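S.K.: Dropping the structure in here first, questions after.
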Amino acid sequence: MAKWNAQFFGDHAFQISEMEKRNLRWEAKQFREGRLWHRWDYPHQLGSIDFSEREPVFGMYYTDNWRAFRTWGVSANSPWEHHILFNLRPGVDRNRREELKVDWDNLQRPGFSPDYVEQRYERMDLAYERSDWIPTAGAQALIRNNRPLLAYIGGQPLPQVAGLISPRPRAGGFTSKDHNFVAGQMLEKQIIVINNSRVPVTCECSWSLALTQPIVGQSKVTVQTGQQARIPMLFALPAGVKPGQYKLIASAAFSTGETQQDEFTIHVLPRRPLPRAEAKVALFDPKGETTELLKSMGVRCDTVDAKADLGAYEVLIVGKAGLTVDGPAPDISRVRDGLKVLLFEQTPDVLENRFGFRVAEYGLRNVFPRVPDHPALAGLATEHMRDWRGEATIIPPRLKYELNPKFNGAPTVTWCGIPVTRAWRCGCRGNVASVLIEKPACGDFLPIVDGGFSLQYSPLMEYRQGKGMVMFCQMDVTGRTEIDPAAQMLTANILEYAVAWKPSPRREAIYAGEPAGRAHLQAAGLRLGSHAGGELKADQVLIVGPGSKTISVHKDAVSAFLKAGGHLLAIGLTQQDADTLLPFKVSMNQAEHIDAYFDPPGVDSLLAGVGPADVHNRDPRTIPLVSVGASTVGDGVLAVASGDNVVFCQLAPWQFEYRKNFGLKRTFRRTSFLLTRLLGNLGVRGETPLLTRLSTPVASNEPSRWLQGFYLDEPEEWDDPYRFFRW
């Protein structure tokens with residue numbers, strides 16, 4: 001549940017309940033014992049009312065979809081999960097009810113005539129009195145939006161329907177949630193009034209935008225039964241309005257005596273100066289959309305083709321959809337020598353088949369900062385990175401699929417060579433990221449923004465190799481049907497950051513510990529040295545894994561190494577390992593680890609780029625957790641000590657052997673990314689085939705690139721999280 005909720009609530013979703021922890025313990029036991037089970041076998045059934053963390057999702061879902069369906073003219077709908085939308089109030093009398101009135105006159109008629117009620121199936125529509133049930137957020141949203149009369153704030157009105165009364169309104173911008181604006185812009189919304197009662201009604205509407213000097217308005221409409229009305233609201237934001245958030249509040253008073261109120265928050269962003277790109281910049285942009293974007297921002301570039309010599313350039317920009325699977329592209333091998341490359345949105349085919357990434361073509365309307373103080377995010381907060389204005393255009397609005405008989409005719413797509421089911425996609429309105437890259441376990445990839453299922457995808461990610469950098473911007477900033485100020489600000493930030501980027505110190509990795517750890521790190525593309533005794537160098541990173549007590553590194557050597565500026569990564573150490581090796585006292589507690597919540601670390605932290613999802617353990621187990629002697633994160637599964645140059649990671653990915661226990665696979669995958677990210681922060685950079693693959697088209701007889709290079713496990717059908725949500 002945390003993994004699913006994370007795409008809506010970010011890291012906070014990993015503050016999981018005791019019910020979910022119990023379920024995870026039970027599930028892990030079934031996996032270990034090789035048993036099969038049904039979803040209703042869990043200690044806390046997934047369809048029960050036990051999980052309060054699910055309620056806000058239902059609230060959002062019913063609010064958004066019930067309004068939209070009714071406005072589109074859908075005449076009936078079914079709240080499938082109505083049985084979990086109400087909680088029984090505390091203290092309700094569950095005892096047997098004995099004094100039931102006997103209906104003597106109707107005893108011979110069909111139906112039950114109970115003498116008493118004892119055990120009851122505790123569901124809102126089957127047990128107790130209506131007053132004994134408390135509506136959850138989902139129920140409140142359903143009650144609010146399923147009345148015969150409905151008035152709410154909708155998105156931008158279309159000229160052809162604004163202010164009209166129509167039984168069949170055209171599909172349009174009423175579902176949009178445009179909220180980012182700058183001073184001086186026009187803000188357009190509409191009040192939608194729906195009458196599904198049996199009589200005509202009159203509705204008096206008033207509204208107010210809560211600026212320093214509020215902007216108010218009012219209107220009155222009569223709506224026939226089965227009809228609806230649209231009342232446009234247009235606001236000219238004053239040129240002097242200060243950046244911040246402001247509420248738009250609308251009230252509706254019906255002639256029946258019923259009143260309703262709705263509100264919508266807008267965000268005013270500052271106008272960002274045009275980016276300063278004082279560098280020699282080359283632009284490879286066959287489609288031309290990024291060219292237009294850069295021209296509008298005053299960025300000067302030299303247009304180049306695939307055969308260009310980039311020796312005279314500091315930065316190469318690859319435009320939106322500029323690469324194809326089998327087409328030519330510039331040689332970027334100079335990244336090792338300091339070239340910086342900025343790739344704007346690329347298609348799913350290119351990311352998967354040319355680069356070898358695992359991708360999700362699942363349009364996100366909100367993402368979350370993973371490194372909140374990163375220069376690319378300057379001036380932007382979480383609330384700005386959702387529901388962007390207009391539509392994204394990197395993928396078509398409709399899903400390309402086949403109806404596969406293997407899945408009872410469900411729509412299917414091909415993911416990593418495997419047919420998997422998909423839900424239908426119905427547009428790209430509001431998307432902030434349409435094609436998502438799963439965070440790799442190999443190489444020095446720094447996710448700046450996260451999103452999607454379990455936050456395992458990053459649409460803004462920085463890759464470092466040698467003295468250079470490649471940034472993937474899969475945020476939908478180019479070619480939008482309408483400009484969003486947050487998208488503009490992000491683009492300008494990225495351009496300035498790419499120009500100003502300088503490499504951080506690179507360090508050699510020395511490994512000491514059990515052989516399984518060495519094998520894992522080498523598979524991740526790391527070149528590891530071995531310590532055969534003697535002095536450790538200050539420009540090295542000592543990686544110490546389990547079994548380190550058998551190595552030839554001693555406390556005195558480690559102490560001198562750390563004092564000289566050396567860095568150490570401790571992976572899965574026991575108390576005995578720490579006592580044997582470390583020159584300072586660290587205490588550990590043997591305790592169960594399932595999850596740990598912590599705020600996103602900053603750009604200068606040795607934990608930058610990691611989050612609670614990366615330490616979420618689907619196989620609860622007792623491990624040594626750091627408690628004293630270091631700055632702990634969460635429950636002590638991560639820690640930093642000794643002048644911020646010693647990092648503890650108490651999860652060793654190679655100890656999650658998923659090949660014989662599929663339940664461990666997601667934990668293996670996330671902890672593998674966690675480990676390479678920590679090493680990247682320490683200056684250790686693994687090699688990947690990224691530079692070669694960007695420059696080299698895919699040959700017809702070449703093995704699938706997604707099988708190796710960026711991930712440490714081979715994809716299987718069940719690895720794709722979005723195959724399950726096929727309804």
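Identifiers in this document derive from the order of the structure tokens: chains are assigned A, B, ..., residues are numbered from 1 separately in each chain, and ligands are numbered from 1 in order of occurrence.
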Taking 2 positions as the minimum chain separation for residues in the same chain, which residues sit within 9 Å of stretch 558-567 of chain A when counting only C-alpha atoms? Answer as a ChimeraX atom specification.

M.R.: /A:535-543,553-556,569,581-584,642-647,682

S.K.: A:Leu293: which residues within 12 Å, counting only C-alpha atoms, same-chain residues fewer than 3 positions away excluded, as a ChimeraX atom specification?

M.R.: /A:274,283,285,287-290,296-301,319-320,344,477-480,483,487-488,491-492,495

S.K.: Write to file, as a PDB file, in the first residue's frame, the residues of the selection just made, with N, CA and C atoms.

M.R.:
ATOM      1  N   LEU A 274      15.633  35.493 -17.776  1.00  0.00           N
ATOM      2  CA  LEU A 274      16.072  34.558 -18.806  1.00  0.00           C
ATOM      3  C   LEU A 274      17.377  33.893 -18.380  1.00  0.00           C
ATOM      4  N   LEU A 283      23.497  22.287 -30.296  1.00  0.00           N
ATOM      5  CA  LEU A 283      22.126  21.805 -30.219  1.00  0.00           C
ATOM      6  C   LEU A 283      21.865  20.800 -31.334  1.00  0.00           C
ATOM      7  N   ASP A 285      18.859  18.852 -32.692  1.00  0.00           N
ATOM      8  CA  ASP A 285      17.408  18.930 -32.519  1.00  0.00           C
ATOM      9  C   ASP A 285      16.693  18.722 -33.845  1.00  0.00           C
ATOM     10  N   LYS A 287      13.836  17.529 -34.613  1.00  0.00           N
ATOM     11  CA  LYS A 287      12.407  17.839 -34.614  1.00  0.00           C
ATOM     12  C   LYS A 287      12.146  19.342 -34.538  1.00  0.00           C
ATOM     13  N   GLY A 288      13.013  20.085 -33.894  1.00  0.00           N
ATOM     14  CA  GLY A 288      12.898  21.540 -33.869  1.00  0.00           C
ATOM     15  C   GLY A 288      12.113  22.133 -32.714  1.00  0.00           C
ATOM     16  N   GLU A 289      11.439  21.329 -31.916  1.00  0.00           N
ATOM     17  CA  GLU A 289      10.633  21.885 -30.829  1.00  0.00           C
ATOM     18  C   GLU A 289      11.496  22.520 -29.743  1.00  0.00           C
ATOM     19  N   THR A 290      12.621  21.893 -29.425  1.00  0.00           N
ATOM     20  CA  THR A 290      13.498  22.462 -28.409  1.00  0.00           C
ATOM     21  C   THR A 290      14.168  23.728 -28.926  1.00  0.00           C
ATOM     22  N   SER A 296      12.801  31.159 -27.468  1.00  0.00           N
ATOM     23  CA  SER A 296      11.891  31.959 -26.654  1.00  0.00           C
ATOM     24  C   SER A 296      12.535  32.383 -25.342  1.00  0.00           C
ATOM     25  N   MET A 297      13.582  31.659 -24.923  1.00  0.00           N
ATOM     26  CA  MET A 297      14.257  31.977 -23.670  1.00  0.00           C
ATOM     27  C   MET A 297      15.553  32.739 -23.903  1.00  0.00           C
ATOM     28  N   GLY A 298      15.839  33.078 -25.155  1.00  0.00           N
ATOM     29  CA  GLY A 298      17.027  33.859 -25.467  1.00  0.00           C
ATOM     30  C   GLY A 298      18.328  33.100 -25.359  1.00  0.00           C
ATOM     31  N   VAL A 299      18.282  31.766 -25.465  1.00  0.00           N
ATOM     32  CA  VAL A 299      19.493  30.946 -25.356  1.00  0.00           C
ATOM     33  C   VAL A 299      20.106  30.772 -26.742  1.00  0.00           C
ATOM     34  N   ARG A 300      21.363  31.112 -26.864  1.00  0.00           N
ATOM     35  CA  ARG A 300      22.055  31.014 -28.151  1.00  0.00           C
ATOM     36  C   ARG A 300      22.754  29.665 -28.253  1.00  0.00           C
ATOM     37  N   CYS A 301      22.499  28.964 -29.340  1.00  0.00           N
ATOM     38  CA  CYS A 301      23.092  27.644 -29.574  1.00  0.00           C
ATOM     39  C   CYS A 301      23.539  27.539 -31.026  1.00  0.00           C
ATOM     40  N   GLY A 319      17.624  17.692 -28.385  1.00  0.00           N
ATOM     41  CA  GLY A 319      16.259  18.180 -28.316  1.00  0.00           C
ATOM     42  C   GLY A 319      15.241  17.091 -28.088  1.00  0.00           C
ATOM     43  N   LYS A 320      14.027  17.534 -27.786  1.00  0.00           N
ATOM     44  CA  LYS A 320      12.911  16.617 -27.557  1.00  0.00           C
ATOM     45  C   LYS A 320      12.732  15.677 -28.740  1.00  0.00           C
ATOM     46  N   PHE A 344      16.600  16.594 -23.479  1.00  0.00           N
ATOM     47  CA  PHE A 344      15.197  16.837 -23.198  1.00  0.00           C
ATOM     48  C   PHE A 344      14.391  15.585 -23.550  1.00  0.00           C
ATOM     49  N   VAL A 477       8.550  19.652 -20.365  1.00  0.00           N
ATOM     50  CA  VAL A 477       8.735  21.104 -20.446  1.00  0.00           C
ATOM     51  C   VAL A 477       8.665  21.622 -21.881  1.00  0.00           C
ATOM     52  N   THR A 478       8.804  20.735 -22.873  1.00  0.00           N
ATOM     53  CA  THR A 478       8.909  21.157 -24.268  1.00  0.00           C
ATOM     54  C   THR A 478       7.624  20.876 -25.028  1.00  0.00           C
ATOM     55  N   GLY A 479       7.222  21.811 -25.853  1.00  0.00           N
ATOM     56  CA  GLY A 479       6.108  21.578 -26.769  1.00  0.00           C
ATOM     57  C   GLY A 479       4.767  21.427 -26.101  1.00  0.00           C
ATOM     58  N   ARG A 480       4.587  21.975 -24.902  1.00  0.00           N
ATOM     59  CA  ARG A 480       3.281  21.910 -24.261  1.00  0.00           C
ATOM     60  C   ARG A 480       2.268  22.745 -25.036  1.00  0.00           C
ATOM     61  N   ILE A 483       1.901  27.130 -21.953  1.00  0.00           N
ATOM     62  CA  ILE A 483       3.113  27.316 -21.152  1.00  0.00           C
ATOM     63  C   ILE A 483       2.756  27.360 -19.674  1.00  0.00           C
ATOM     64  N   ALA A 487       7.221  25.012 -15.410  1.00  0.00           N
ATOM     65  CA  ALA A 487       7.998  24.340 -16.447  1.00  0.00           C
ATOM     66  C   ALA A 487       9.056  25.277 -17.023  1.00  0.00           C
ATOM     67  N   GLN A 488       8.691  26.543 -17.213  1.00  0.00           N
ATOM     68  CA  GLN A 488       9.655  27.524 -17.701  1.00  0.00           C
ATOM     69  C   GLN A 488      10.801  27.716 -16.712  1.00  0.00           C
ATOM     70  N   THR A 491      13.132  24.713 -16.707  1.00  0.00           N
ATOM     71  CA  THR A 491      13.975  24.683 -17.904  1.00  0.00           C
ATOM     72  C   THR A 491      15.137  25.657 -17.778  1.00  0.00           C
ATOM     73  N   ALA A 492      14.855  26.870 -17.328  1.00  0.00           N
ATOM     74  CA  ALA A 492      15.916  27.866 -17.166  1.00  0.00           C
ATOM     75  C   ALA A 492      16.932  27.415 -16.126  1.00  0.00           C
ATOM     76  N   LEU A 495      19.207  24.678 -17.633  1.00  0.00           N
ATOM     77  CA  LEU A 495      20.192  25.211 -18.581  1.00  0.00           C
ATOM     78  C   LEU A 495      21.356  25.874 -17.842  1.00  0.00           C
TER      79      LEU A 495
END

S.K.: Would you return as JSON, numbers by chain the members of stretch 81-255 of chain A that DSSP assigns to helix (DSSP H, G or I) on this structure's backbone?

M.R.: {"A": [82, 83, 84, 104, 105, 106, 130, 131, 132, 137, 138, 139, 140, 141, 142, 143, 144, 145, 173, 174, 175]}

S.K.: Could you write those residues out with C-alpha atoms, as a PDB file, in the first residue's frame?

M.R.:
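After the write, selection.pdb holds the following:
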ATOM      1  CA  HIS A  82     -18.626   1.551  -0.582  1.00  0.00           C
ATOM      2  CA  HIS A  83     -18.256  -1.037   2.202  1.00  0.00           C
ATOM      3  CA  ILE A  84     -14.947   0.478   3.368  1.00  0.00           C
ATOM      4  CA  TRP A 104     -48.001  -9.727  13.646  1.00  0.00           C
ATOM      5  CA  ASP A 105     -50.081  -8.539  10.697  1.00  0.00           C
ATOM      6  CA  ASN A 106     -47.408  -9.479   8.114  1.00  0.00           C
ATOM      7  CA  ARG A 130     -26.885   4.920  10.098  1.00  0.00           C
ATOM      8  CA  SER A 131     -25.788   7.135  12.986  1.00  0.00           C
ATOM      9  CA  ASP A 132     -23.376   4.443  14.180  1.00  0.00           C
ATOM     10  CA  ALA A 137     -12.608  11.031   3.538  1.00  0.00           C
ATOM     11  CA  GLY A 138     -13.812   8.887   0.643  1.00  0.00           C
ATOM     12  CA  ALA A 139     -17.385   8.819   1.918  1.00  0.00           C
ATOM     13  CA  GLN A 140     -17.352  12.559   2.541  1.00  0.00           C
ATOM     14  CA  ALA A 141     -16.193  13.140  -1.040  1.00  0.00           C
ATOM     15  CA  LEU A 142     -18.883  10.828  -2.371  1.00  0.00           C
ATOM     16  CA  ILE A 143     -21.605  12.495  -0.296  1.00  0.00           C
ATOM     17  CA  ARG A 144     -20.402  15.924  -1.446  1.00  0.00           C
ATOM     18  CA  ASN A 145     -20.264  15.070  -5.144  1.00  0.00           C
ATOM     19  CA  GLY A 173     -10.756  21.867 -20.138  1.00  0.00           C
ATOM     20  CA  PHE A 174     -13.154  21.611 -17.214  1.00  0.00           C
ATOM     21  CA  THR A 175     -11.037  18.765 -15.756  1.00  0.00           C
TER      22      THR A 175
END

S.K.: Show which residues sit within 8 Å of A:Asp387, as a PyMOL selection string. Count only C-alpha atoms, and ignore same-chain residues fewer than 2 positions away.

M.R.: chain A and resi 176-179+365-366+385+389+430-432

S.K.: For A:Leu377, please output as a ChimeraX atom specification all residues within 7 Å (counting only C-alpha atoms; exclusion window: fewer than 5 positions along the same chain).

M.R.: /A:372,490,493

S.K.: Can you list, as a ChimeraX atom specification, every protein, DNA or RNA residue that comes within 12 Å of A:Pro405 when you count only C-alpha atoms, leaving out same-chain residues fewer than 3 positions away?

M.R.: /A:402,408-412,419-421

S.K.: Quote the spacing between atom CA of A:Ala570 and atom CA of A:Ile437 in Å to one decimal place.

M.R.: 28.7 Å

S.K.: I need the strand (DSSP E) residues of stretch 451-506 of chain A per DSSP on the backbone, written as a list in words.

M.R.: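 Taking stretch 451-506 of chain A and keeping strand (DSSP E) only, one gets Gly451, Tyr457, Ser458, Pro459, Leu460, Met461, Glu462, Tyr463, Arg464, Gln465, Gly468, Met469, Val470, Met471, Phe472 and Cys473 of chain A.
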
S.K.: Taking N, CA and C atoms for each residue, export the selection above as a PDB file, in the first residue's frame.

M.R.:
ATOM      1  N   GLY A 451       8.954  10.078  -8.870  1.00  0.00           N
ATOM      2  CA  GLY A 451       7.517   9.957  -9.058  1.00  0.00           C
ATOM      3  C   GLY A 451       7.123   8.535  -9.371  1.00  0.00           C
ATOM      4  N   TYR A 457      10.817   5.812 -10.048  1.00  0.00           N
ATOM      5  CA  TYR A 457      11.147   6.430 -11.328  1.00  0.00           C
ATOM      6  C   TYR A 457      11.631   7.860 -11.100  1.00  0.00           C
ATOM      7  N   SER A 458      12.525   8.302 -11.977  1.00  0.00           N
ATOM      8  CA  SER A 458      13.011   9.673 -11.883  1.00  0.00           C
ATOM      9  C   SER A 458      12.920  10.341 -13.246  1.00  0.00           C
ATOM     10  N   PRO A 459      12.074  11.372 -13.385  1.00  0.00           N
ATOM     11  CA  PRO A 459      11.993  12.100 -14.656  1.00  0.00           C
ATOM     12  C   PRO A 459      13.004  13.241 -14.772  1.00  0.00           C
ATOM     13  N   LEU A 460      13.830  13.426 -13.755  1.00  0.00           N
ATOM     14  CA  LEU A 460      14.914  14.415 -13.840  1.00  0.00           C
ATOM     15  C   LEU A 460      16.098  13.822 -13.098  1.00  0.00           C
ATOM     16  N   MET A 461      17.121  13.436 -13.876  1.00  0.00           N
ATOM     17  CA  MET A 461      18.177  12.621 -13.305  1.00  0.00           C
ATOM     18  C   MET A 461      19.523  12.996 -13.926  1.00  0.00           C
ATOM     19  N   GLU A 462      20.528  13.048 -13.074  1.00  0.00           N
ATOM     20  CA  GLU A 462      21.875  13.461 -13.475  1.00  0.00           C
ATOM     21  C   GLU A 462      22.810  12.249 -13.442  1.00  0.00           C
ATOM     22  N   TYR A 463      23.527  12.033 -14.534  1.00  0.00           N
ATOM     23  CA  TYR A 463      24.479  10.923 -14.629  1.00  0.00           C
ATOM     24  C   TYR A 463      25.882  11.492 -14.771  1.00  0.00           C
ATOM     25  N   ARG A 464      26.820  10.968 -13.986  1.00  0.00           N
ATOM     26  CA  ARG A 464      28.198  11.450 -14.022  1.00  0.00           C
ATOM     27  C   ARG A 464      29.132  10.333 -14.466  1.00  0.00           C
ATOM     28  N   GLN A 465      30.011  10.671 -15.364  1.00  0.00           N
ATOM     29  CA  GLN A 465      31.055   9.740 -15.786  1.00  0.00           C
ATOM     30  C   GLN A 465      32.298  10.539 -16.142  1.00  0.00           C
ATOM     31  N   GLY A 468      32.645  14.578 -16.815  1.00  0.00           N
ATOM     32  CA  GLY A 468      31.467  15.192 -17.408  1.00  0.00           C
ATOM     33  C   GLY A 468      30.167  14.695 -16.819  1.00  0.00           C
ATOM     34  N   MET A 469      29.073  15.137 -17.418  1.00  0.00           N
ATOM     35  CA  MET A 469      27.747  14.883 -16.874  1.00  0.00           C
ATOM     36  C   MET A 469      26.735  14.790 -18.003  1.00  0.00           C
ATOM     37  N   VAL A 470      25.736  13.918 -17.837  1.00  0.00           N
ATOM     38  CA  VAL A 470      24.590  13.819 -18.736  1.00  0.00           C
ATOM     39  C   VAL A 470      23.342  13.977 -17.894  1.00  0.00           C
ATOM     40  N   MET A 471      22.476  14.920 -18.259  1.00  0.00           N
ATOM     41  CA  MET A 471      21.228  15.104 -17.522  1.00  0.00           C
ATOM     42  C   MET A 471      20.053  14.700 -18.397  1.00  0.00           C
ATOM     43  N   PHE A 472      19.208  13.820 -17.843  1.00  0.00           N
ATOM     44  CA  PHE A 472      17.984  13.402 -18.510  1.00  0.00           C
ATOM     45  C   PHE A 472      16.825  14.222 -17.950  1.00  0.00           C
ATOM     46  N   CYS A 473      16.197  15.004 -18.819  1.00  0.00           N
ATOM     47  CA  CYS A 473      15.016  15.763 -18.422  1.00  0.00           C
ATOM     48  C   CYS A 473      13.804  15.146 -19.110  1.00  0.00           C
TER      49      CYS A 473
END

S.K.: If you measure from atom CA of A:Tyr42 to atom CA of A:Arg618, what distance in Å do you get, rounded to one decimal?

M.R.: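 Going from atom CA of A:Tyr42 over to atom CA of A:Arg618, I get 14.4 Å.
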
S.K.: Do you have the atom CA of A:Ala321-atom CA of A:Glu352 distance handy?

M.R.: 13.4 Å

S.K.: Do a neighbour search on stretch 255-264 of chain A at 9 Å with only C-alpha atoms, toss out local chain neighbours closer than 5 positions, and write the hits as a list in words.

M.R.: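 Selected residues are Arg144, Leu149, Leu150, Ala151, Tyr152, Ile153, Lys177, His179, Val201, Thr202, Cys203, Glu204, Tyr246, Lys247, Leu248, Ile249 and Ala250 of chain A.
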
S.K.: Write the residues of the selection above to a file with C-alpha atoms, as a CSV table (one decimal), in the first residue's frame.

M.R.:
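Below is the file that was written, out.csv:
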chain,number,residue,atom,x,y,z
A,144,ARG,CA,-20.4,15.9,-1.4
A,149,LEU,CA,-27.5,19.1,-7.2
A,150,LEU,CA,-23.8,19.8,-7.6
A,151,ALA,CA,-21.8,23.0,-8.0
A,152,TYR,CA,-18.1,23.1,-8.2
A,153,ILE,CA,-15.1,25.0,-9.6
A,177,LYS,CA,-6.3,22.0,-12.6
A,179,HIS,CA,-2.8,26.6,-10.8
A,201,VAL,CA,-33.7,25.0,-9.9
A,202,THR,CA,-32.3,28.5,-9.7
A,203,CYS,CA,-28.7,28.9,-8.5
A,204,GLU,CA,-27.1,32.1,-7.2
A,246,TYR,CA,-4.2,32.3,-3.0
A,247,LYS,CA,-7.6,30.7,-2.6
A,248,LEU,CA,-10.5,31.0,-5.0
A,249,ILE,CA,-13.7,30.3,-3.1
A,250,ALA,CA,-17.1,29.8,-4.8
